[in-house]
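Q: Please find one structure pasted underneath; my questions will follow.
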Amino acid sequence: MTGQERSEEKSECMSLSPMMEAVPAPPESERVCVFGTGDLGRSLGLRLLQVGYGVVFGSRRPHSNSSLIPHGAQVLGHAAAAQSAHLIFIAVQREHYDFLVPLANQLKGKVLVDLSNNLRKNQYPEANAEYLQSLVPGAEVVKGFNTLSAWSLQNGPSDANRQVYICGESVEAKQAVIAVAIKLGFSALDRGFLSVARELEDFPLQLFPQWRLPLRIAIGLSAAFFFYLLIRDIIYAYVTQSKDISFRIMVSLANKVCPIVSLIMLSLCYLPGVLASFLQLYRGTKYRRFPDWLDRWMLCRKQLGLLALGFAFLHVLYTLIIPIRYYVRFKATERTVSMIRENRTTEFDTTTAWRGDSYLSLGILGFGLYVLLGITSLPSVSNALSWREFSFIQSKLGHLTLLLCTAHTYLYGWNRFLSSSTYKWYTPPGYMLCLVLPSVVLLLKLLLITPCVDRTITRIRQGWERGADQRNPKDSQPLIP
């Protein structure tokens with residue numbers, strides 16, 4: 001740096017307001033520097049101030065930016081700010097890294113934390129952090145904090161956004177960054193060397209990565225049953241009876257598709273656990289990995305359950321609007337008038353009343369437990385539960401929910417399967433098809449909870465292996481005093 005540049009930096013520092021100059025300078029170990037006065041840089045600086053760090057902002061225009069920074073921080077030129085702290089957060093985009101090249105001497109031995117992200121994957125040949133390291137080879141570059149937004153930094157870590165991923169070559173540099181993350185209330189995870197930086201930079205670009213498979217299943221099931229029911233209900237009536245009931249697509253058809261998809265997806269939440277138990281029984285050990293497809297299936301059970309709950313909500317809403325539909329009111333009025341004209345009455349059927357009330361009661365209980373499962377899957381709620389409490393709700397109450405919803409559907413069908421008119425064009429109704437999977441899951445679960453099978457499963461999960469005694473006969477011999 002030339003003498004003229006140094007004199008300019010000195011004049012910039014001396015021309016700061018008296019309030020800025022009056023701020024006591026904390027020791028360098030408790031002072032950090034932030035390059036960048038944008039939303040992310042200011043939010044990070046504010047959080048650092050709140051937990052007790054001294055914060056110095058480095059800016060190209062310290063005079064014009066001094067009004068934007070949090071109260072209690074200092075704004076200096078880049079060179080002066082770089083000399084004031086050992087740990088420096090780079091909160092600027094990669095396109096503006098060039099200003100760091102003339103500061104190579106001031107940044108030598110410093111820890112630079114790269115917070116940048118890209119607009120798309122593979123935008124540059126190398127990761128931003130690796131590019132930053134090549135510009136300032138004398139510094140220790142650490143990638144971190146790039147998965148946090150300005151909003152999450154301002155409001156503090158939430159239960160769903162506590163994780164901070166970091167990577168770098170220097171263990172000491174990473175430890176310094178981890179210490180800051182922990183003091184800010186985050187949980188830091190060391191992902192390894194700087195070569196992992198590209199993976200970390202791709203994290204914010206991912207759009208619902210864990211929801212893709214569940215969404216595809218939900219869309220596929222919805223489309224399949226929609227067209228299936230469209231053919232059975234709407235097209236069948238038009239072809240065989242010349243009736244145009246296409247208006248029923250909007251509510252009646254949707255109110256059939258939603259519960260069918262909801263029940264199937266709820267079954268898909270618990271089927272992988274049942275399959276995993278039978279696989280452990282077959283292998284006689286828990287020390288062998290599940291197949292990759294089963295692993296991926298089990299990892300997306302939460303998303304499958306939440307989507308199932310969403311379809312159940314839609315089913316409830318569609319059901320609530322049934323009495324106010326024009327078609328329903330017209331049919332009820334027409335039937336009443338017809339009975340008056342014919343001077344005809346109907347007797348009260350106790351069996352039908354029992355069936356209807358039981359059907360509604362099981363639906364209400366099942367939906368209530370459905371909502372409970374959804375609430376306890378939220379991180380803010382699940383973190384307040386012990387593992388035993390969480391397992392009891394998600395496993396035992398979850399299977400009870402599946403049982404109630406399946407019984408609700410069986411009562412809906414009742415004895416219609418005995419009538420030939422139910423099988424339009426020799427096809428079964430949609431509710432009958434959706435009962436296959438939950439019935440299979442419940443039967444398999446019933447086998448697993450029988451005492452003899454449950455005892456074996458418990459032993460396997462506690463570490464017992466079938467055939468271990470034969471392989472190690474000495475382990476099974478009693479000790480002789």
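To be explicit about the labels: the chains of the structure tokens are called A, B, and onward in the order shown, and within each one the residues are counted from 1, while ligands get numbers from 1 in the order they are shown.
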From a DSSP pass on the backbone, collect the residues of stretch 263-336 of chain A flagged as alpha helix (DSSP H) and hand them back as a ChimeraX atom specification.

A: /A:263-283,292-299,301-320,326-336

Q: Might you pull out every residue within 12 Å of A:Ala223, with only C-alpha atoms counted and same-chain residues fewer than 5 positions away left off, and present them as a compact mmCIF listing (two decimals) with C-alpha atoms, in the first residue's frame?

A:
```
# COMPACT_ATOMS: atom_id res chain seq x y z
CA ARG A 216 -43.90 -37.06 -6.66
CA ILE A 217 -45.75 -39.84 -4.84
CA ALA A 218 -48.54 -37.46 -3.81
CA TYR A 228 -59.71 -43.46 -12.28
CA LEU A 229 -62.67 -41.92 -10.45
CA LEU A 230 -63.38 -39.60 -13.36
CA LEU A 253 -64.56 -36.09 -6.96
CA ALA A 254 -61.96 -34.07 -5.04
CA VAL A 257 -59.38 -38.33 -4.06
CA CYS A 258 -58.11 -36.49 -0.93
CA ILE A 260 -57.77 -41.96 -0.60
CA VAL A 261 -54.35 -40.31 -1.11
```

Q: With distances taken over only C-alpha atoms, which of A:Thr350, A:Leu446, A:Ala312, A:Phe227 is nearest to A:Val274?

A: A:Leu446

Q: I'd like the contact shell of A:Ala129 - 10 Å cut-off, only C-alpha atoms, skipping same-chain residues fewer than 4 positions apart - returned as a PyMOL selection string.

A: chain A and resi 94+112-117+133-135+141-144+167-168+194-198+201

Q: Please, what distance in Å, to one decimal, runs between atom CA of A:Cys300 and atom CA of A:Cys269?

A: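 For atom CA of A:Cys300 relative to atom CA of A:Cys269, the distance reads 8.3 Å.
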
Q: Just to confirm, what's the straight-line distance from atom CA of A:Lys286 to atom CA of A:Pro272 in Å (one decimal)?

A: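 Between these atoms lies a distance of 15.3 Å.
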
Q: Which residues come within 10 Å of A:Ser252, counting only C-alpha atoms, excluding same-chain residues fewer than 6 positions away, as a PyMOL selection string?

A: chain A and resi 233+318-319+322

Q: Choose the residue, out of A:Leu44, A:Val251, A:Ala82, A:Ile90, that has the smallest atom-to-atom separation from A:Ala150; count only C-alpha atoms.

A: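 Closest to A:Ala150 of all the choices is A:Leu44.
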
Q: Go ahead and compute the interatomic distance for atom CA of A:Gly463 and atom CA of A:Arg289, in Å to one decimal.

A: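 Between atom CA of A:Gly463 and atom CA of A:Arg289 the gap works out to 14.2 Å.
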
Q: Near stretch 36-42 of chain A, within 7 Å and counting only C-alpha atoms, which residues show up once chain neighbours fewer than 5 positions away are dropped, as a count of residues only?

A: 9

Q: If you run DSSP on the backbone, which residues of stretch 6-143 of chain A are strand (DSSP E or B), as a list in words?

A: Arg31, Val32, Cys33, Val34, Phe35, Gly54, Val55, Val56, Phe57, Gly58, Gln74, Val75, Leu76, Leu87, Ile88, Phe89, Ile90, Val111, Leu112, Val113, Asp114, Glu140, Val141, Val142 and Lys143 of chain A

Q: Hey, what's within 12 Å of A:Val171 if we count only C-alpha atoms and toss same-chain stuff fewer than 6 positions away? As number ranges by chain, please?

A: A: 111, 140-142, 177-178, 190-194

Q: Take the residues just selected and output them with N, CA, C and O atoms as a PDB file, in the first residue's frame.

A:
```
ATOM      1  N   VAL A 111      -7.933 -15.126   9.795  1.00  0.00           N
ATOM      2  CA  VAL A 111      -8.955 -16.132   9.490  1.00  0.00           C
ATOM      3  C   VAL A 111     -10.079 -15.427   8.731  1.00  0.00           C
ATOM      4  O   VAL A 111     -10.727 -14.524   9.263  1.00  0.00           O
ATOM      5  N   GLU A 140      -6.069 -17.844   6.296  1.00  0.00           N
ATOM      6  CA  GLU A 140      -6.724 -19.133   6.528  1.00  0.00           C
ATOM      7  C   GLU A 140      -8.212 -18.962   6.221  1.00  0.00           C
ATOM      8  O   GLU A 140      -8.937 -18.302   6.968  1.00  0.00           O
ATOM      9  N   VAL A 141      -8.664 -19.534   5.117  1.00  0.00           N
ATOM     10  CA  VAL A 141     -10.056 -19.361   4.683  1.00  0.00           C
ATOM     11  C   VAL A 141     -10.916 -20.488   5.247  1.00  0.00           C
ATOM     12  O   VAL A 141     -10.552 -21.659   5.183  1.00  0.00           O
ATOM     13  N   VAL A 142     -12.051 -20.105   5.799  1.00  0.00           N
ATOM     14  CA  VAL A 142     -13.029 -21.056   6.326  1.00  0.00           C
ATOM     15  C   VAL A 142     -14.371 -20.734   5.691  1.00  0.00           C
ATOM     16  O   VAL A 142     -14.796 -19.581   5.679  1.00  0.00           O
ATOM     17  N   VAL A 177     -13.896 -20.257  14.414  1.00  0.00           N
ATOM     18  CA  VAL A 177     -15.210 -19.994  13.832  1.00  0.00           C
ATOM     19  C   VAL A 177     -16.292 -20.754  14.594  1.00  0.00           C
ATOM     20  O   VAL A 177     -17.385 -20.234  14.830  1.00  0.00           O
ATOM     21  N   ILE A 178     -16.001 -21.988  14.998  1.00  0.00           N
ATOM     22  CA  ILE A 178     -16.969 -22.777  15.769  1.00  0.00           C
ATOM     23  C   ILE A 178     -17.283 -22.090  17.095  1.00  0.00           C
ATOM     24  O   ILE A 178     -18.444 -22.065  17.535  1.00  0.00           O
ATOM     25  N   ASP A 190     -18.433 -29.458  11.615  1.00  0.00           N
ATOM     26  CA  ASP A 190     -17.242 -29.424  10.765  1.00  0.00           C
ATOM     27  C   ASP A 190     -17.375 -30.471   9.678  1.00  0.00           C
ATOM     28  O   ASP A 190     -17.413 -31.668   9.936  1.00  0.00           O
ATOM     29  N   ARG A 191     -17.421 -30.014   8.411  1.00  0.00           N
ATOM     30  CA  ARG A 191     -17.598 -30.927   7.288  1.00  0.00           C
ATOM     31  C   ARG A 191     -16.281 -31.354   6.647  1.00  0.00           C
ATOM     32  O   ARG A 191     -16.291 -32.106   5.682  1.00  0.00           O
ATOM     33  N   GLY A 192     -15.150 -30.838   7.151  1.00  0.00           N
ATOM     34  CA  GLY A 192     -13.871 -31.299   6.615  1.00  0.00           C
ATOM     35  C   GLY A 192     -13.065 -30.199   5.971  1.00  0.00           C
ATOM     36  O   GLY A 192     -13.076 -29.044   6.430  1.00  0.00           O
ATOM     37  N   PHE A 193     -12.342 -30.541   4.908  1.00  0.00           N
ATOM     38  CA  PHE A 193     -11.420 -29.609   4.272  1.00  0.00           C
ATOM     39  C   PHE A 193     -12.157 -28.648   3.341  1.00  0.00           C
ATOM     40  O   PHE A 193     -13.363 -28.778   3.085  1.00  0.00           O
ATOM     41  N   LEU A 194     -11.405 -27.706   2.799  1.00  0.00           N
ATOM     42  CA  LEU A 194     -11.986 -26.650   1.977  1.00  0.00           C
ATOM     43  C   LEU A 194     -12.553 -27.187   0.666  1.00  0.00           C
ATOM     44  O   LEU A 194     -13.355 -26.520   0.013  1.00  0.00           O
TER      45      LEU A 194
END
```

Q: Contacts between stretch 401-425 of chain A and stretch 255-338 of chain A, please, where a residue of stretch 255-338 of chain A counts if it comes within 12 Å (with only C-alpha atoms); show its shortest atom pair and distance in Å to one decimal, rows by chain and ascending number, as a tab-separated table.

A:
```
residue	atom	partner	partner_atom	distance
A:Lys256	CA	A:Thr409	CA	11.2
A:Pro259	CA	A:Thr409	CA	8.9
A:Ile260	CA	A:Thr409	CA	9.1
A:Ser262	CA	A:Cys405	CA	9.6
A:Leu263	CA	A:Cys405	CA	7.1
A:Ile264	CA	A:Leu402	CA	9.7
A:Met265	CA	A:Leu402	CA	10.3
A:Leu266	CA	A:Leu402	CA	6.9
A:Ser267	CA	A:Leu402	CA	7.0
A:Leu268	CA	A:Leu402	CA	10.5
A:Cys269	CA	A:Leu402	CA	9.9
A:Tyr270	CA	A:Leu402	CA	8.9
A:Leu271	CA	A:Leu402	CA	11.1
A:Gly305	CA	A:Leu402	CA	11.1
A:Ala308	CA	A:Leu402	CA	11.2
A:Leu309	CA	A:Thr401	CA	11.3
A:Ala312	CA	A:Cys405	CA	10.1
```

Q: Name all residues at most 7 Å from stretch 367-381 of chain A (count only C-alpha atoms; drop same-chain ones fewer than 3 positions away) and give them as an mmCIF file with N, CA, C and O atoms, in the first residue's frame.

A:
```
data_model
loop_
_atom_site.group_PDB
_atom_site.id
_atom_site.type_symbol
_atom_site.label_atom_id
_atom_site.label_comp_id
_atom_site.auth_asym_id
_atom_site.auth_seq_id
_atom_site.Cartn_x
_atom_site.Cartn_y
_atom_site.Cartn_z
ATOM 1 N N ASP A 159 -35.393 -23.285 16.234
ATOM 2 C CA ASP A 159 -35.207 -24.734 16.357
ATOM 3 C C ASP A 159 -34.962 -25.391 15.009
ATOM 4 O O ASP A 159 -34.309 -26.413 14.915
ATOM 5 N N ALA A 160 -35.523 -24.784 13.949
ATOM 6 C CA ALA A 160 -35.385 -25.391 12.637
ATOM 7 C C ALA A 160 -34.161 -24.896 11.877
ATOM 8 O O ALA A 160 -33.879 -25.353 10.792
ATOM 9 N N LEU A 306 -46.620 -35.426 6.648
ATOM 10 C CA LEU A 306 -47.148 -34.060 6.576
ATOM 11 C C LEU A 306 -48.013 -33.862 5.336
ATOM 12 O O LEU A 306 -49.038 -33.171 5.387
ATOM 13 N N LEU A 309 -51.276 -35.470 6.061
ATOM 14 C CA LEU A 309 -52.081 -34.586 6.916
ATOM 15 C C LEU A 309 -52.713 -33.469 6.095
ATOM 16 O O LEU A 309 -53.867 -33.084 6.330
ATOM 17 N N GLY A 363 -63.732 -41.069 12.242
ATOM 18 C CA GLY A 363 -63.081 -40.057 11.413
ATOM 19 C C GLY A 363 -62.575 -38.889 12.234
ATOM 20 O O GLY A 363 -61.464 -38.394 12.019
ATOM 21 N N ILE A 364 -63.393 -38.439 13.199
ATOM 22 C CA ILE A 364 -62.980 -37.315 14.050
ATOM 23 C C ILE A 364 -61.793 -37.701 14.924
ATOM 24 O O ILE A 364 -60.823 -36.951 15.054
ATOM 25 N N ALA A 384 -38.784 -30.514 22.620
ATOM 26 C CA ALA A 384 -39.211 -30.440 24.019
ATOM 27 C C ALA A 384 -39.635 -31.807 24.561
ATOM 28 O O ALA A 384 -39.957 -31.920 25.742
ATOM 29 N N LEU A 385 -39.640 -32.823 23.698
ATOM 30 C CA LEU A 385 -40.046 -34.167 24.114
ATOM 31 C C LEU A 385 -38.823 -35.059 24.290
ATOM 32 O O LEU A 385 -37.826 -34.895 23.589
ATOM 33 N N ILE A 393 -45.564 -41.218 20.619
ATOM 34 C CA ILE A 393 -46.548 -40.493 19.807
ATOM 35 C C ILE A 393 -46.444 -40.896 18.345
ATOM 36 O O ILE A 393 -47.446 -41.236 17.701
ATOM 37 N N GLN A 394 -45.220 -40.886 17.801
ATOM 38 C CA GLN A 394 -45.058 -41.118 16.372
ATOM 39 C C GLN A 394 -45.249 -42.582 15.989
ATOM 40 O O GLN A 394 -45.681 -42.872 14.869
ATOM 41 N N GLY A 398 -49.248 -43.282 16.143
ATOM 42 C CA GLY A 398 -49.291 -43.257 14.688
ATOM 43 C C GLY A 398 -49.994 -44.478 14.118
ATOM 44 O O GLY A 398 -50.832 -44.371 13.214
ATOM 45 N N THR A 401 -53.601 -44.154 14.776
ATOM 46 C CA THR A 401 -54.217 -43.258 13.787
ATOM 47 C C THR A 401 -54.520 -44.004 12.499
ATOM 48 O O THR A 401 -55.610 -43.863 11.923
#
```

Q: Kindly indicate which residue among A:Arg248, A:Arg47, A:Arg461, A:His86 lies nearest to A:Tyr287, using only C-alpha atoms for the distances.

A: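 Looking only at the distances to A:Tyr287, the closest residue turns out to be A:Arg461.
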